[in-house]
$ cat target_35.cif   # mmCIF, C-alpha atoms
data_coords
loop_
_atom_site.label_atom_id
_atom_site.label_comp_id
_atom_site.auth_asym_id
_atom_site.auth_seq_id
_atom_site.Cartn_x
_atom_site.Cartn_y
_atom_site.Cartn_z
CA MET A 278 157.46 86.50 -124.88
CA ASP A 279 158.17 84.20 -127.75
CA LYS A 280 156.75 80.97 -126.39
CA LYS A 281 154.17 79.42 -128.68
CA VAL A 282 150.79 79.26 -126.95
CA THR A 283 148.02 76.86 -127.93
CA VAL A 284 144.59 76.61 -126.30
CA TYR A 285 142.63 73.39 -126.76
CA GLY A 286 138.97 73.83 -125.89
CA THR A 287 135.36 73.55 -126.95
CA SER A 288 133.15 76.42 -127.99
CA THR A 289 130.81 75.80 -125.07
CA CYS A 290 133.13 75.53 -122.08
CA PRO A 291 133.17 78.61 -119.83
CA TYR A 292 136.73 78.14 -118.59
CA CYS A 293 137.99 77.94 -122.18
CA ILE A 294 136.34 81.28 -122.84
CA ARG A 295 137.88 82.73 -119.67
CA ALA A 296 141.33 81.35 -120.47
CA LYS A 297 141.23 82.85 -123.95
CA GLN A 298 139.98 86.17 -122.61
CA PHE A 299 142.83 86.16 -120.07
CA LEU A 300 145.38 85.71 -122.87
CA LYS A 301 143.74 88.45 -124.94
CA ASP A 302 143.78 90.79 -121.93
CA HIS A 303 147.52 90.26 -121.73
CA SER A 304 147.97 90.72 -125.51
CA ILE A 305 149.29 87.20 -125.96
CA ASP A 306 148.89 85.59 -129.38
CA PHE A 307 147.68 82.01 -129.30
CA GLU A 308 146.39 79.26 -131.52
CA ASP A 309 142.75 78.59 -130.73
CA ILE A 310 141.81 74.94 -131.33
CA ASP A 311 138.19 73.79 -131.10
CA ILE A 312 138.54 70.08 -130.41
CA GLY A 313 134.79 69.69 -130.78
CA ILE A 314 135.21 69.97 -134.53
CA ASN A 315 138.72 68.59 -134.89
CA GLN A 316 139.09 64.95 -133.84
CA GLU A 317 142.75 64.78 -134.75
CA LYS A 318 143.56 67.71 -132.47
CA ALA A 319 141.36 66.18 -129.75
CA GLN A 320 143.59 63.10 -129.80
CA GLU A 321 146.66 65.33 -129.74
CA MET A 322 145.34 67.04 -126.61
CA ILE A 323 144.61 63.72 -124.88
CA GLN A 324 148.13 62.54 -125.76
CA LYS A 325 149.74 65.70 -124.46
CA SER A 326 147.75 66.02 -121.25
CA GLY A 327 146.84 62.41 -120.48
CA GLN A 328 143.24 63.43 -119.80
CA MET A 329 140.11 64.69 -121.55
CA GLY A 330 139.08 67.82 -119.63
CA VAL A 331 139.18 71.20 -121.31
CA PRO A 332 140.74 73.70 -121.52
CA VAL A 333 144.32 72.52 -121.97
CA LEU A 334 147.01 75.14 -122.57
CA ASP A 335 150.31 74.36 -124.20
CA ILE A 336 152.70 77.18 -123.34
CA GLY A 337 156.01 76.56 -125.05
CA GLY A 338 155.70 72.83 -124.38
CA GLU A 339 154.46 73.17 -120.80
CA ILE A 340 151.03 71.59 -120.47
CA ILE A 341 148.54 73.25 -118.14
CA ILE A 342 145.21 71.57 -117.47
CA GLY A 343 142.26 73.84 -116.76
CA PHE A 344 142.17 77.62 -116.38
CA ASP A 345 144.87 77.56 -113.70
CA LYS A 346 145.68 81.26 -113.54
CA PRO A 347 148.75 81.09 -111.24
CA LYS A 348 150.39 78.38 -113.37
CA ILE A 349 149.58 80.22 -116.58
CA GLU A 350 151.07 83.43 -115.21
CA ILE A 351 154.29 81.66 -114.23
CA ALA A 352 154.56 79.87 -117.58
CA LEU A 353 154.11 83.15 -119.42
CA GLY A 354 156.38 85.07 -117.07
CA LEU A 355 153.64 87.61 -116.26
CA MET B 77 142.45 92.68 -83.03
CA SER B 78 143.53 94.66 -86.08
CA ASN B 79 143.54 91.51 -88.20
CA VAL B 80 139.84 90.96 -87.69
CA TYR B 81 137.75 91.71 -90.76
CA ASP B 82 134.24 93.13 -90.52
CA LEU B 83 133.06 90.58 -93.04
CA ILE B 84 134.30 87.61 -95.03
CA ILE B 85 132.25 86.39 -97.97
CA ILE B 86 132.74 82.77 -98.98
CA GLY B 87 132.00 82.20 -102.65
CA ALA B 88 131.84 84.39 -105.75
CA GLY B 89 128.76 83.28 -107.61
CA PRO B 90 125.78 85.61 -108.00
CA ALA B 91 125.12 85.68 -104.22
CA GLY B 92 128.73 86.24 -103.12
CA ILE B 93 129.51 88.81 -105.81
CA THR B 94 126.35 90.81 -105.14
CA ALA B 95 127.10 90.75 -101.40
CA SER B 96 130.63 91.98 -102.18
CA VAL B 97 129.35 94.91 -104.26
CA TYR B 98 127.02 95.96 -101.43
CA ALA B 99 129.80 95.56 -98.86
CA ALA B 100 132.16 97.67 -100.96
CA ARG B 101 129.57 100.42 -101.21
CA LYS B 102 129.07 100.30 -97.42
CA ARG B 103 132.86 100.59 -97.11
CA MET B 104 133.08 97.52 -94.93
CA ARG B 105 136.50 96.03 -94.23
CA PHE B 106 136.05 92.72 -95.97
CA LEU B 107 137.47 89.91 -98.04
CA VAL B 108 136.10 87.39 -100.54
CA ILE B 109 137.41 83.82 -100.41
CA THR B 110 136.38 81.63 -103.31
CA LYS B 111 137.29 78.58 -105.32
CA ASP B 112 136.18 80.15 -108.58
CA ILE B 113 134.43 83.19 -109.99
CA GLY B 114 130.92 83.04 -111.35
CA GLY B 115 129.91 79.76 -109.72
CA GLN B 116 127.25 77.75 -111.51
CA THR B 117 126.33 80.79 -113.61
CA ALA B 118 129.56 80.35 -115.55
CA TRP B 119 128.45 76.83 -116.49
CA SER B 120 124.93 77.75 -117.51
CA GLY B 121 124.06 77.71 -121.18
CA GLU B 122 121.57 80.33 -122.24
CA ILE B 123 119.94 82.63 -119.70
CA GLU B 124 116.73 84.38 -120.64
CA ASN B 125 115.30 85.28 -117.23
CA TYR B 126 117.83 87.61 -115.66
CA THR B 127 116.09 90.99 -115.73
CA GLY B 128 117.75 93.51 -117.99
CA TYR B 129 119.15 90.86 -120.30
CA GLN B 130 116.63 89.30 -122.66
CA PHE B 131 119.32 86.86 -123.63
CA ILE B 132 122.81 86.31 -122.29
CA SER B 133 125.08 83.28 -122.03
CA GLY B 134 126.15 82.06 -118.60
CA ALA B 135 129.79 82.79 -119.33
CA GLU B 136 128.98 86.36 -120.35
CA LEU B 137 126.79 87.03 -117.33
CA ALA B 138 129.49 85.63 -115.03
CA ALA B 139 132.01 87.93 -116.72
CA LYS B 140 129.67 90.90 -116.15
CA PHE B 141 129.36 89.95 -112.47
CA GLU B 142 133.13 89.76 -112.15
CA GLU B 143 133.60 93.08 -113.94
CA HIS B 144 131.15 94.70 -111.51
CA MET B 145 133.01 93.27 -108.51
CA ARG B 146 136.43 94.29 -109.89
CA LYS B 147 135.20 97.88 -110.31
CA TYR B 148 135.73 98.23 -106.56
CA SER B 149 139.11 97.34 -105.19
CA ILE B 150 137.86 94.26 -103.42
CA GLU B 151 140.35 91.83 -101.95
CA VAL B 152 139.56 88.46 -103.57
CA LYS B 153 141.33 85.24 -102.64
CA GLU B 154 140.61 83.20 -105.76
CA GLY B 155 141.41 79.49 -105.90
CA GLU B 156 141.29 79.18 -102.13
CA GLU B 157 139.10 76.53 -100.55
CA VAL B 158 137.49 76.97 -97.13
CA MET B 159 137.96 73.97 -94.86
CA GLU B 160 136.29 75.16 -91.67
CA VAL B 161 134.06 77.94 -90.33
CA ARG B 162 133.87 78.11 -86.56
CA LYS B 163 132.52 80.60 -84.04
CA LYS B 164 134.91 81.46 -81.22
CA ASP B 165 133.59 83.95 -78.66
CA SER B 166 132.38 86.90 -80.71
CA ILE B 167 134.65 86.13 -83.67
CA VAL B 168 134.27 83.73 -86.59
CA LEU B 169 137.36 81.73 -87.52
CA ILE B 170 137.83 80.63 -91.11
CA LYS B 171 140.38 78.04 -91.99
CA THR B 172 141.30 77.56 -95.66
CA GLY B 173 143.76 75.40 -97.56
CA LYS B 174 146.17 78.34 -97.44
CA GLY B 175 145.65 80.11 -94.11
CA GLU B 176 143.42 81.29 -91.29
CA TYR B 177 141.27 84.39 -91.05
CA GLU B 178 139.27 86.12 -88.33
CA THR B 179 136.11 88.07 -88.96
CA LYS B 180 133.14 89.51 -87.09
CA ILE B 181 130.71 88.25 -89.71
CA VAL B 182 130.75 85.64 -92.44
CA ILE B 183 128.36 85.27 -95.34
CA ILE B 184 128.44 81.75 -96.69
CA ALA B 185 127.57 81.91 -100.40
CA SER B 186 129.42 78.83 -101.56
CA GLY B 187 126.65 77.48 -103.76
CA LYS B 188 126.22 73.96 -105.01
CA LYS B 189 128.30 71.48 -106.97
CA SER B 190 127.55 68.38 -109.02
CA ARG B 191 126.69 65.39 -106.92
CA GLU B 192 129.11 62.49 -107.24
CA LEU B 193 128.20 58.82 -107.70
CA GLY B 194 130.50 57.60 -104.95
CA VAL B 195 131.56 54.42 -106.77
CA PRO B 196 135.00 52.90 -107.33
CA GLY B 197 136.81 54.45 -110.29
CA GLU B 198 134.99 57.78 -110.12
CA GLN B 199 137.88 59.80 -108.67
CA GLU B 200 140.46 57.98 -110.80
CA PHE B 201 138.70 58.64 -114.10
CA LYS B 202 137.58 62.22 -113.50
CA ASN B 203 138.40 64.11 -116.70
CA LYS B 204 139.62 60.85 -118.17
CA GLY B 205 136.30 60.05 -119.75
CA LEU B 206 134.16 60.81 -116.71
CA THR B 207 132.71 64.30 -116.55
CA TYR B 208 130.02 66.34 -114.83
CA CYS B 209 129.59 68.85 -117.66
CA ALA B 210 128.05 67.60 -120.89
CA THR B 211 127.97 71.13 -122.28
CA CYS B 212 131.73 71.53 -121.87
CA ASP B 213 133.08 68.10 -122.67
CA GLY B 214 130.38 66.61 -124.91
CA PRO B 215 132.10 67.49 -128.19
CA LEU B 216 135.09 65.33 -127.19
CA PHE B 217 132.97 62.22 -127.57
CA THR B 218 131.88 62.67 -131.17
CA GLY B 219 131.27 59.26 -132.75
CA LYS B 220 131.87 57.37 -129.50
CA ASP B 221 129.72 55.26 -127.19
CA VAL B 222 128.83 57.09 -123.99
CA ALA B 223 126.72 56.67 -120.87
CA VAL B 224 124.64 59.33 -119.13
CA ILE B 225 123.90 58.61 -115.49
CA GLY B 226 120.64 60.03 -114.13
CA GLY B 227 116.99 60.43 -115.09
CA GLY B 228 116.10 64.01 -114.23
CA ASN B 229 116.20 67.13 -116.36
CA SER B 230 119.96 67.56 -116.34
CA ALA B 231 120.47 63.94 -117.46
CA LEU B 232 117.86 64.31 -120.20
CA ASP B 233 119.42 67.59 -121.31
CA ALA B 234 122.84 65.90 -121.53
CA THR B 235 121.31 62.99 -123.48
CA LEU B 236 119.66 65.36 -125.96
CA GLN B 237 123.00 67.06 -126.57
CA LEU B 238 124.94 63.81 -126.86
CA MET B 239 122.56 61.85 -129.08
CA ASN B 240 123.38 64.28 -131.87
CA ILE B 241 127.11 63.63 -131.71
CA ALA B 242 127.83 60.30 -130.02
CA LYS B 243 127.51 56.91 -131.74
CA ARG B 244 125.34 55.43 -128.98
CA VAL B 245 124.05 56.82 -125.69
CA TYR B 246 123.18 54.57 -122.74
CA LEU B 247 120.92 56.39 -120.29
CA ILE B 248 121.42 54.72 -116.91
CA ASN B 249 118.50 55.59 -114.65
CA ILE B 250 118.19 54.33 -111.09
CA THR B 251 114.39 54.71 -110.84
CA SER B 252 111.69 52.84 -112.75
CA GLY B 253 111.09 55.67 -115.23
CA LEU B 254 112.59 58.98 -116.34
CA THR B 255 111.65 61.79 -113.96
CA GLY B 256 112.57 64.77 -116.14
CA ASP B 257 110.21 66.76 -118.36
CA GLN B 258 108.05 64.56 -120.61
CA ILE B 259 108.76 66.64 -123.69
CA MET B 260 112.46 65.79 -123.42
CA ALA B 261 111.86 62.16 -122.43
CA GLU B 262 109.68 61.63 -125.52
CA LYS B 263 112.33 62.96 -127.88
CA ILE B 264 114.88 60.64 -126.29
CA LYS B 265 112.63 57.59 -126.46
CA ARG B 266 112.09 58.17 -130.19
CA ASN B 267 115.83 58.30 -130.92
CA GLU B 268 117.31 54.99 -132.07
CA LYS B 269 120.77 55.87 -130.79
CA VAL B 270 119.63 55.95 -127.18
CA SER B 271 119.19 52.88 -124.96
CA ILE B 272 117.36 53.59 -121.72
CA LEU B 273 118.16 51.29 -118.81
CA ASN B 274 115.74 51.79 -115.92
CA ASN B 275 116.16 50.41 -112.38
CA ALA B 276 119.86 50.39 -113.15
CA ARG B 277 122.60 51.34 -110.71
CA VAL B 278 126.20 52.08 -111.65
CA THR B 279 128.57 50.15 -109.39
CA ALA B 280 131.99 50.94 -110.88
CA ILE B 281 133.84 52.90 -113.55
CA LEU B 282 136.49 50.79 -115.28
CA GLY B 283 139.37 51.50 -117.61
CA GLU B 284 143.11 51.86 -117.92
CA LYS B 285 144.40 55.35 -118.68
CA LEU B 286 140.95 56.41 -119.86
CA VAL B 287 137.46 55.05 -119.26
CA LYS B 288 136.67 51.81 -121.07
CA SER B 289 133.46 50.63 -119.49
CA ILE B 290 131.00 50.90 -116.64
CA LYS B 291 129.62 48.17 -114.46
CA ILE B 292 125.90 48.29 -113.78
CA GLU B 293 123.46 46.35 -111.68
CA GLN B 294 119.94 46.00 -113.02
CA ASP B 295 117.42 44.02 -111.01
CA THR B 296 119.59 41.04 -110.13
CA ASN B 297 121.79 41.16 -113.21
CA GLU B 298 125.22 42.64 -113.42
CA GLN B 299 126.77 43.71 -116.69
CA ASN B 300 129.62 45.71 -118.19
CA ILE B 301 128.84 48.26 -120.86
CA ALA B 302 131.71 49.42 -123.05
CA VAL B 303 131.74 53.22 -123.18
CA GLU B 304 134.45 55.84 -123.55
CA GLY B 305 132.50 58.66 -121.94
CA VAL B 306 130.53 58.79 -118.68
CA PHE B 307 128.39 61.85 -117.95
CA VAL B 308 127.28 62.03 -114.32
CA GLU B 309 124.07 64.06 -114.09
CA ILE B 310 122.52 63.13 -110.75
CA GLY B 311 121.81 66.58 -109.41
CA LEU B 312 123.55 69.00 -107.11
CA THR B 313 124.75 69.06 -103.55
CA PRO B 314 125.41 72.16 -101.39
CA ASN B 315 128.99 73.17 -100.59
CA SER B 316 128.27 73.33 -96.87
CA GLY B 317 130.55 70.62 -95.49
CA PHE B 318 132.94 73.13 -93.89
CA ALA B 319 130.20 74.70 -91.74
CA ASN B 320 129.50 72.24 -88.97
CA GLU B 321 127.94 74.52 -86.37
CA VAL B 322 125.02 75.76 -88.45
CA ASP B 323 121.69 74.02 -88.79
CA LYS B 324 121.08 72.36 -92.13
CA ASN B 325 118.12 70.58 -93.71
CA LYS B 326 118.15 66.97 -94.90
CA SER B 327 119.79 67.90 -98.20
CA GLY B 328 122.62 69.69 -96.41
CA GLU B 329 121.34 73.16 -97.25
CA ILE B 330 122.04 75.78 -94.56
CA LYS B 331 118.85 76.92 -92.86
CA VAL B 332 118.36 80.69 -92.91
CA ASN B 333 115.59 83.06 -91.84
CA CYS B 334 114.32 85.89 -94.02
CA HIS B 335 117.26 88.06 -92.88
CA ASN B 336 119.72 85.39 -94.07
CA GLU B 337 120.73 84.62 -90.49
CA THR B 338 121.69 81.08 -89.52
CA ASN B 339 121.23 79.73 -86.00
CA VAL B 340 124.73 81.00 -85.13
CA SER B 341 125.01 84.77 -84.59
CA GLY B 342 127.47 86.38 -86.98
CA ILE B 343 127.13 83.57 -89.52
CA PHE B 344 124.90 84.47 -92.44
CA ALA B 345 124.27 82.50 -95.64
CA ALA B 346 122.86 83.30 -99.08
CA GLY B 347 121.99 81.70 -102.40
CA ASP B 348 121.96 78.08 -103.50
CA VAL B 349 123.83 76.81 -100.44
CA THR B 350 120.81 77.76 -98.30
CA ASP B 351 117.31 76.37 -97.96
CA VAL B 352 115.85 79.40 -99.74
CA PRO B 353 113.00 78.18 -101.94
CA GLU B 354 113.89 78.26 -105.65
CA LYS B 355 117.41 78.25 -106.97
CA GLN B 356 117.76 80.93 -109.60
CA ILE B 357 120.56 83.33 -110.51
CA ILE B 358 118.39 86.35 -109.83
CA ILE B 359 117.23 84.96 -106.49
CA ALA B 360 120.80 84.17 -105.43
CA ALA B 361 121.86 87.71 -106.36
CA GLY B 362 118.98 89.19 -104.36
CA GLU B 363 119.75 86.97 -101.39
CA GLY B 364 123.37 88.11 -101.50
CA ALA B 365 122.27 91.75 -101.33
CA LYS B 366 119.90 91.00 -98.45
CA ALA B 367 122.54 89.07 -96.52
CA CYS B 368 125.00 91.94 -96.82
CA LEU B 369 122.48 94.51 -95.65
CA SER B 370 121.56 92.28 -92.69
CA ALA B 371 125.26 91.84 -91.93
CA PHE B 372 125.76 95.62 -92.04
CA LYS B 373 122.96 96.11 -89.47
CA TYR B 374 124.40 93.35 -87.32
CA LEU B 375 127.79 95.07 -87.35
CA ALA B 376 126.23 98.32 -86.16
CA ILE B 377 124.85 96.72 -83.00
CA HIS B 378 127.65 94.27 -82.19
#
$ encode --input "target_35.cif" --output "structure tokens"
Amino acid sequence: MDKKVTVYGTSTCPYCIRAKQFLKDHSIDFEDIDIGINQEKAQEMIQKSGQMGVPVLDIGGEIIIGFDKPKIEIALGL
Amino acid sequence: MSNVYDLIIIGAGPAGITASVYAARKRMRFLVITKDIGGQTAWSGEIENYTGYQFISGAELAAKFEEHMRKYSIEVKEGEEVMEVRKKDSIVLIKTGKGEYETKIVIIASGKKSRELGVPGEQEFKNKGLTYCATCDGPLFTGKDVAVIGGGNSALDATLQLMNIAKRVYLINITSGLTGDQIMAEKIKRNEKVSILNNARVTAILGEKLVKSIKIEQDTNEQNIAVEGVFVEIGLTPNSGFANEVDKNKSGEIKVNCHNETNVSGIFAAGDVTDVPEKQIIIAAGEGAKACLSAFKYLAIH
């Protein structure tokens, strides 16, 4: 697994917490971006995903909106 | 008949998960079908009234619930939505977006979801500026103009969160005055960043890729208000649309007796989707336990 994984989320959203926990459970390193405190990254997420809901996962360039477990598993090859 | 389950539980919030733990311990042949895990608990902020935890966040409590359920090897169909529940002879048929199931008993524990406005633009702009969760998405609207729709406690709670981060908050309330707790309403009225519009009805959400404005009707006037965020906080509605044969009250809640039985034998219901008085996590959990025990007794005599 050498895809770069980024999670865009807010500190208060339950599905962001679950998505990050899921990655940790599978020992996957990821960049954890809190868009609540980083406006520039918030814009980047909106650009990438075309929407404003969190979490958004960028898995090696593939954009997954929400904690969509089946899609995440496929993207990560789990 | 080997494909017939003893029990299918619809939903995995506090009611559904507790029912599943009881069913596992009774060694029933059962299945859980659910859209998500944790239900509304996962979205709750701070919880200080679930016995045993003086303080726990909703996300943590939901994770504890899930952990408890996963301790048993319970078959869980996550991400599957139930479309129809129907009684046929002595069997209950359950149709989902992915398949069909047969069971002797069903416990409907599908909870509640945010009520929608039902105006043009709402579906189109979901997650594109329009949201039902101020706690989750609020921080995205730092320094922007936003509207909160509603006048009850959840709308006031959202306004209190947003007035600290947004540039301006329009509180669009359909009644003549705010109906939420006075202590919150007073704080909001004192804040210069908040404009309260009473007797105001939202008629459309407008924008291009993302939300740009809302159209409102106030008395006989119509106006557009430029906002980038719309927070819909107009209460909850039960997820009971797939159960057409059971009696419901005016709000769509499934009517149950004190044994969690509906008017249809073999169909039980528990938690926020029912007309049980008071919607609380601990009550939903207790109702789930009670429904499973009732279902177990039902199985013994049917």
$ closest_residue --input "target_35.cif" --among "A:Lys297, A:Gly354, A:Pro347, A:Gly338" --to "Ser326 (chain A)" --atoms "only C-alpha atoms"
A:Gly338
$ residues_around --input "target_35.cif" --residues "region 289-296 of chain A" --least-positions-apart "5" --cutoff "10 Å" --atoms "all atoms listed in the file" --output "ChimeraX atom specification"
/A:284,301-302,309,311,313,331-334,343-346,349 /B:114,117-121,133-136,138-139,209-215
$ atom_distance --input "target_35.cif" --atom1 "CA of Gly89 (chain B)" --atom2 "CA of Ile170 (chain B)"
19.0 Å
$ axis_aligned_box --input "target_35.cif" --around "region 285-304 of chain B" --padding-each-side "6 Å" --output "AutoDock Vina command-line options"
--center_x 130.9 --center_y 48.7 --center_z -116.8 --size_x 39.0 --size_y 27.4 --size_z 25.4
$ residues_around --input "target_35.cif" --residues "region 315-319 of chain A" --least-positions-apart "6" --cutoff "10 Å" --atoms "all atoms listed in the file" --output "list in words"
Tyr285, Gly286, Thr287, Lys325 and Met329 of chain A; Pro215, Leu216, Phe217, Thr218 and Gly219 of chain B
$ atom_distance --input "target_35.cif" --atom1 "CA of Ile281 (chain B)" --atom2 "CA of Lys111 (chain B)"
27.2 Å
$ closest_residue --input "target_35.cif" --among "A:Leu300, A:Ile342, A:Ile336, A:Leu355" --to "chain B" --atoms "all atoms listed in the file"
A:Ile342
$ resolve_selection --input "target_35.cif" --expression "the PyMOL selection byres ((chain B and resi 107) around 8)" --output "ChimeraX atom specification"
/B:81,83-85,105-106,108-109,150-153
$ write_last_selection --input "target_35.cif" --atoms "C-alpha atoms" --output "short mmCIF file (atom, residue, chain, number, x, y, z; two decimals), in the frame of the given file"
data_model
loop_
_atom_site.label_atom_id
_atom_site.label_comp_id
_atom_site.auth_asym_id
_atom_site.auth_seq_id
_atom_site.Cartn_x
_atom_site.Cartn_y
_atom_site.Cartn_z
CA TYR B 81 137.75 91.71 -90.76
CA LEU B 83 133.06 90.58 -93.04
CA ILE B 84 134.30 87.61 -95.03
CA ILE B 85 132.25 86.39 -97.97
CA ARG B 105 136.50 96.03 -94.23
CA PHE B 106 136.05 92.72 -95.97
CA VAL B 108 136.10 87.39 -100.54
CA ILE B 109 137.41 83.82 -100.41
CA ILE B 150 137.86 94.26 -103.42
CA GLU B 151 140.35 91.83 -101.95
CA VAL B 152 139.56 88.46 -103.57
CA LYS B 153 141.33 85.24 -102.64
#
$ closest_residue --input "target_35.cif" --among "A:Gln320, A:Ala352, A:Asp335, A:Ile341" --to "chain B" --atoms "all atoms listed in the file"
A:Gln320
$ residues_around --input "target_35.cif" --residues "Lys326 (chain B)" --least-positions-apart "6" --cutoff "12 Å" --atoms "only C-alpha atoms" --output "tab-separated table (two decimals) with C-alpha atoms, keeping the file's coordinate frame"
chain	number	residue	atom	x	y	z
B	313	THR	CA	124.75	69.06	-103.55
B	314	PRO	CA	125.41	72.16	-101.39
B	350	THR	CA	120.81	77.76	-98.30
B	351	ASP	CA	117.31	76.37	-97.96
$ resolve_selection --input "target_35.cif" --expression "the PyMOL selection byres ((chain B and resi 95) around 12)" --output "VMD selection string"
chain B and resid 83 to 94 96 to 102 104 106 to 108 141 144 to 145 150 182 to 185 336 344 to 347 360 to 372
$ write_last_selection --input "target_35.cif" --atoms "C-alpha atoms" --output "JSON list (two decimals), keeping the file's coordinate frame"
[["chain", "number", "residue", "atom", "x", "y", "z"],
["B", 83, "LEU", "CA", 133.06, 90.58, -93.04],
["B", 84, "ILE", "CA", 134.30, 87.61, -95.03],
["B", 85, "ILE", "CA", 132.25, 86.39, -97.97],
["B", 86, "ILE", "CA", 132.74, 82.77, -98.98],
["B", 87, "GLY", "CA", 132.00, 82.20, -102.65],
["B", 88, "ALA", "CA", 131.84, 84.39, -105.75],
["B", 89, "GLY", "CA", 128.76, 83.28, -107.61],
["B", 90, "PRO", "CA", 125.78, 85.61, -108.00],
["B", 91, "ALA", "CA", 125.12, 85.68, -104.22],
["B", 92, "GLY", "CA", 128.73, 86.24, -103.12],
["B", 93, "ILE", "CA", 129.51, 88.81, -105.81],
["B", 94, "THR", "CA", 126.35, 90.81, -105.14],
["B", 96, "SER", "CA", 130.63, 91.98, -102.18],
["B", 97, "VAL", "CA", 129.35, 94.91, -104.26],
["B", 98, "TYR", "CA", 127.02, 95.96, -101.43],
["B", 99, "ALA", "CA", 129.80, 95.56, -98.86],
["B", 100, "ALA", "CA", 132.16, 97.67, -100.96],
["B", 101, "ARG", "CA", 129.57, 100.42, -101.21],
["B", 102, "LYS", "CA", 129.07, 100.30, -97.42],
["B", 104, "MET", "CA", 133.08, 97.52, -94.93],
["B", 106, "PHE", "CA", 136.05, 92.72, -95.97],
["B", 107, "LEU", "CA", 137.47, 89.91, -98.04],
["B", 108, "VAL", "CA", 136.10, 87.39, -100.54],
["B", 141, "PHE", "CA", 129.36, 89.95, -112.47],
["B", 144, "HIS", "CA", 131.15, 94.70, -111.51],
["B", 145, "MET", "CA", 133.01, 93.27, -108.51],
["B", 150, "ILE", "CA", 137.86, 94.26, -103.42],
["B", 182, "VAL", "CA", 130.75, 85.64, -92.44],
["B", 183, "ILE", "CA", 128.36, 85.27, -95.34],
["B", 184, "ILE", "CA", 128.44, 81.75, -96.69],
["B", 185, "ALA", "CA", 127.57, 81.91, -100.40],
["B", 336, "ASN", "CA", 119.72, 85.39, -94.07],
["B", 344, "PHE", "CA", 124.90, 84.47, -92.44],
["B", 345, "ALA", "CA", 124.27, 82.50, -95.64],
["B", 346, "ALA", "CA", 122.86, 83.30, -99.08],
["B", 347, "GLY", "CA", 121.99, 81.70, -102.40],
["B", 360, "ALA", "CA", 120.80, 84.17, -105.43],
["B", 361, "ALA", "CA", 121.86, 87.71, -106.36],
["B", 362, "GLY", "CA", 118.98, 89.19, -104.36],
["B", 363, "GLU", "CA", 119.75, 86.97, -101.39],
["B", 364, "GLY", "CA", 123.37, 88.11, -101.50],
["B", 365, "ALA", "CA", 122.27, 91.75, -101.33],
["B", 366, "LYS", "CA", 119.90, 91.00, -98.45],
["B", 367, "ALA", "CA", 122.54, 89.07, -96.52],
["B", 368, "CYS", "CA", 125.00, 91.94, -96.82],
["B", 369, "LEU", "CA", 122.48, 94.51, -95.65],
["B", 370, "SER", "CA", 121.56, 92.28, -92.69],
["B", 371, "ALA", "CA", 125.26, 91.84, -91.93],
["B", 372, "PHE", "CA", 125.76, 95.62, -92.04]]
$ resolve_selection --input "target_35.cif" --expression "the PyMOL selection byres ((chain B and resi 249-258) around 10)" --output "list in words"
Val224, Ile225, Gly226, Gly227, Gly228, Asn229, Ser230, Ala231, Leu232, Asp233, Tyr246, Leu247, Ile248, Ile259, Met260, Ala261, Glu262, Lys263, Ile264, Ile272, Leu273, Asn274, Asn275, Ala276, Arg277, Val278, Glu293, Gln294 and Ile310 of chain B
$ residues_around --input "target_35.cif" --residues "Asn300 (chain B)" --least-positions-apart "6" --cutoff "7 Å" --atoms "all atoms listed in the file" --output "PyMOL selection string"
chain B and resi 289-292
